[in-house]
Amino acid sequence: MNLLATVNPQTHEILLVSILRDYYVETVCEPDMGCMNGAMDKLTNTGLHGLETTEMTLEKLFGIEINYNVRVNFSSLVKVVDELSGITVYNPNTFTSLHGNYYFKEGDVTMNGDEALGFVRERYSFTGGDRERGRNQMRVLSVIIDKLLSPKILTNFNGIMKTLSSSFQTNMSEKEIKALVAAQIADPAKWSIYSYSVTGSGGTDFAAELGDNAYVMYPDENTVNNAKADIQAVLSGEPAPFVNSQ
């Protein structure tokens, strides 16, 4: 799953946009990256030529410039949640996860790292499949961000970073990360975190990197345009018109 985060440090707002891995998009990359620039493919396949290719592809899709990227895998999620001493997430659907066979009731659920992994990986329990999985991933990420920004956590930032340094990859420098932490400690304002999911319809089409037909999701242009409007609204410090509207 790909999540696009828009951050406005002046208004203390964060918008998370979820994009399905099977989204059928035009690949964008520099000539020396080795990808099929201009070809149509599933978004997940753009990552075969590096995170930069995925980043450039999303920049074209949403008409934006992405400043930073972060890559976190499922095993990293376990370590992050456990380092935060667990998280509590609102769950709108009662289900049992395939990973771990964990039972999640409707309502607020407190979970450790492996339980959180079961929560974000599950898709077979939902009619919406990957769509609802993406929403659950945003629910978990929203709680993680909110907890990471709390003064109690930030005062132990160096210790947390030492523990988690091998759990993620980013092109943000250590100096830039520390500057953000210092700014939050100096002004511990409450952040508002919103979410939106772009959707589409499933089908079969030619995937350039595979050189064959594969399952893809054709983007719903209305939801893509809604996401664009929400992104620009957050950047401008205005109310995002479509967040949490699905």
# chains A, B, ... in the order shown; residues from 1 in each chain; ligands from 1
>>> residues_around(residues="Gln184 (chain A)", least_positions_apart="3", cutoff="10 Å", atoms="only C-alpha atoms", output="ChimeraX atom specification")
/A:9,12,149-151,154,178-181,187-190
>>> residues_around(residues="region 227-242 of chain A", least_positions_apart="3", cutoff="10 Å", atoms="only C-alpha atoms", output="PyMOL selection string")
chain A and resi 4-18+61-64+194-198+221-224+245-246
>>> write_last_selection(atoms="N, CA and C atoms", output="mmCIF file, in the first residue's frame")
data_model
loop_
_atom_site.group_PDB
_atom_site.id
_atom_site.type_symbol
_atom_site.label_atom_id
_atom_site.label_comp_id
_atom_site.auth_asym_id
_atom_site.auth_seq_id
_atom_site.Cartn_x
_atom_site.Cartn_y
_atom_site.Cartn_z
ATOM 1 N N LEU A 4 0.305 8.724 0.785
ATOM 2 C CA LEU A 4 0.844 10.042 0.486
ATOM 3 C C LEU A 4 0.476 10.980 1.627
ATOM 4 N N ALA A 5 1.475 11.540 2.288
ATOM 5 C CA ALA A 5 1.240 12.422 3.435
ATOM 6 C C ALA A 5 1.499 13.873 3.051
ATOM 7 N N THR A 6 0.521 14.723 3.305
ATOM 8 C CA THR A 6 0.665 16.167 3.110
ATOM 9 C C THR A 6 0.687 16.818 4.482
ATOM 10 N N VAL A 7 1.742 17.579 4.763
ATOM 11 C CA VAL A 7 1.936 18.153 6.094
ATOM 12 C C VAL A 7 1.995 19.667 6.014
ATOM 13 N N ASN A 8 1.174 20.329 6.820
ATOM 14 C CA ASN A 8 1.223 21.788 6.926
ATOM 15 C C ASN A 8 1.656 22.135 8.352
ATOM 16 N N PRO A 9 2.948 22.486 8.564
ATOM 17 C CA PRO A 9 3.443 22.754 9.919
ATOM 18 C C PRO A 9 2.883 24.038 10.535
ATOM 19 N N GLN A 10 2.357 24.938 9.689
ATOM 20 C CA GLN A 10 1.780 26.173 10.233
ATOM 21 C C GLN A 10 0.411 25.919 10.864
ATOM 22 N N THR A 11 -0.413 25.113 10.202
ATOM 23 C CA THR A 11 -1.752 24.832 10.717
ATOM 24 C C THR A 11 -1.798 23.544 11.532
ATOM 25 N N HIS A 12 -0.663 22.847 11.595
ATOM 26 C CA HIS A 12 -0.574 21.569 12.318
ATOM 27 C C HIS A 12 -1.621 20.582 11.801
ATOM 28 N N GLU A 13 -1.608 20.383 10.483
ATOM 29 C CA GLU A 13 -2.523 19.450 9.845
ATOM 30 C C GLU A 13 -1.749 18.455 8.993
ATOM 31 N N ILE A 14 -2.222 17.218 8.991
ATOM 32 C CA ILE A 14 -1.638 16.160 8.169
ATOM 33 C C ILE A 14 -2.764 15.457 7.419
ATOM 34 N N LEU A 15 -2.593 15.290 6.126
ATOM 35 C CA LEU A 15 -3.545 14.559 5.297
ATOM 36 C C LEU A 15 -2.863 13.303 4.774
ATOM 37 N N LEU A 16 -3.494 12.154 4.984
ATOM 38 C CA LEU A 16 -3.004 10.886 4.462
ATOM 39 C C LEU A 16 -3.910 10.431 3.327
ATOM 40 N N VAL A 17 -3.325 10.199 2.169
ATOM 41 C CA VAL A 17 -4.080 9.699 1.014
ATOM 42 C C VAL A 17 -3.595 8.291 0.702
ATOM 43 N N SER A 18 -4.516 7.339 0.674
ATOM 44 C CA SER A 18 -4.183 5.947 0.402
ATOM 45 C C SER A 18 -4.374 5.650 -1.082
ATOM 46 N N LEU A 61 0.622 11.809 -11.174
ATOM 47 C CA LEU A 61 -0.775 11.439 -10.965
ATOM 48 C C LEU A 61 -1.534 12.529 -10.212
ATOM 49 N N PHE A 62 -0.888 13.125 -9.193
ATOM 50 C CA PHE A 62 -1.574 14.096 -8.354
ATOM 51 C C PHE A 62 -1.177 15.548 -8.631
ATOM 52 N N GLY A 63 -0.249 15.756 -9.561
ATOM 53 C CA GLY A 63 0.161 17.109 -9.896
ATOM 54 C C GLY A 63 0.837 17.830 -8.757
ATOM 55 N N ILE A 64 1.738 17.147 -8.060
ATOM 56 C CA ILE A 64 2.401 17.708 -6.881
ATOM 57 C C ILE A 64 3.912 17.471 -6.968
ATOM 58 N N TYR A 194 -6.078 13.878 8.962
ATOM 59 C CA TYR A 194 -7.222 13.520 8.122
ATOM 60 C C TYR A 194 -6.808 12.405 7.163
ATOM 61 N N SER A 195 -7.791 11.777 6.540
ATOM 62 C CA SER A 195 -7.478 10.712 5.590
ATOM 63 C C SER A 195 -8.460 10.706 4.427
ATOM 64 N N TYR A 196 -7.990 10.159 3.315
ATOM 65 C CA TYR A 196 -8.827 10.000 2.130
ATOM 66 C C TYR A 196 -8.255 8.848 1.311
ATOM 67 N N SER A 197 -9.121 8.072 0.660
ATOM 68 C CA SER A 197 -8.685 6.950 -0.170
ATOM 69 C C SER A 197 -9.155 7.145 -1.606
ATOM 70 N N VAL A 198 -8.227 7.065 -2.548
ATOM 71 C CA VAL A 198 -8.645 7.054 -3.942
ATOM 72 C C VAL A 198 -9.085 5.637 -4.291
ATOM 73 N N GLU A 221 -11.368 8.759 -11.562
ATOM 74 C CA GLU A 221 -10.823 10.111 -11.687
ATOM 75 C C GLU A 221 -11.466 11.091 -10.713
ATOM 76 N N ASN A 222 -12.723 10.840 -10.340
ATOM 77 C CA ASN A 222 -13.369 11.723 -9.364
ATOM 78 C C ASN A 222 -12.641 11.681 -8.029
ATOM 79 N N THR A 223 -12.266 10.466 -7.582
ATOM 80 C CA THR A 223 -11.572 10.374 -6.299
ATOM 81 C C THR A 223 -10.147 10.931 -6.392
ATOM 82 N N VAL A 224 -9.516 10.757 -7.568
ATOM 83 C CA VAL A 224 -8.184 11.349 -7.752
ATOM 84 C C VAL A 224 -8.273 12.870 -7.679
ATOM 85 N N SER A 245 -14.771 11.269 3.686
ATOM 86 C CA SER A 245 -16.111 11.387 3.123
ATOM 87 C C SER A 245 -16.608 10.094 2.498
ATOM 88 N N GLN A 246 -15.774 9.031 2.563
ATOM 89 C CA GLN A 246 -16.141 7.791 1.885
ATOM 90 C C GLN A 246 -16.743 6.781 2.861
#
>>> atom_distance(atom1="CA of Ser75 (chain A)", atom2="CA of Asn136 (chain A)")
16.7 Å
>>> select_by_dssp(residues="region 44-233 of chain A", states="strand (DSSP E or B)", output="ChimeraX atom specification")
/A:70-72,87-91,95-96,103-104,107-111,168-170,192-197,200-207,212-219
>>> closest_residue(among="A:Asp114, A:Glu55, A:Asp41, A:Glu26", to="Tyr215 (chain A)", atoms="only C-alpha atoms")
A:Asp41
>>> residues_around(residues="region 91-105 of chain A", least_positions_apart="3", cutoff="9 Å", atoms="only C-alpha atoms", output="PyMOL selection string")
chain A and resi 108-109+114-115+117-119+121-126+136+139
>>> closest_residue(among="A:Gly50, A:Gly202, A:Gly107, A:Gly159", to="Asp130 (chain A)", atoms="only C-alpha atoms")
A:Gly202
>>> atom_distance(atom1="CA of Phe168 (chain A)", atom2="CA of Arg71 (chain A)")
5.6 Å
>>> select_by_dssp(residues="region 12-220 of chain A", states="alpha helix (DSSP H)", output="ChimeraX atom specification")
/A:43-46,51-62,74-83,113-121,130-148,151-154,157-164,174-186
>>> closest_residue(among="A:Leu43, A:Tyr68, A:Met172, A:Thr27", to="Pro219 (chain A)", atoms="only C-alpha atoms")
A:Leu43
>>> atom_distance(atom1="CA of Gly38 (chain A)", atom2="CA of Thr199 (chain A)")
21.9 Å
>>> closest_residue(among="A:Glu65, A:Asp32, A:Asp220, A:Glu83", to="Asn112 (chain A)", atoms="only C-alpha atoms")
A:Glu83
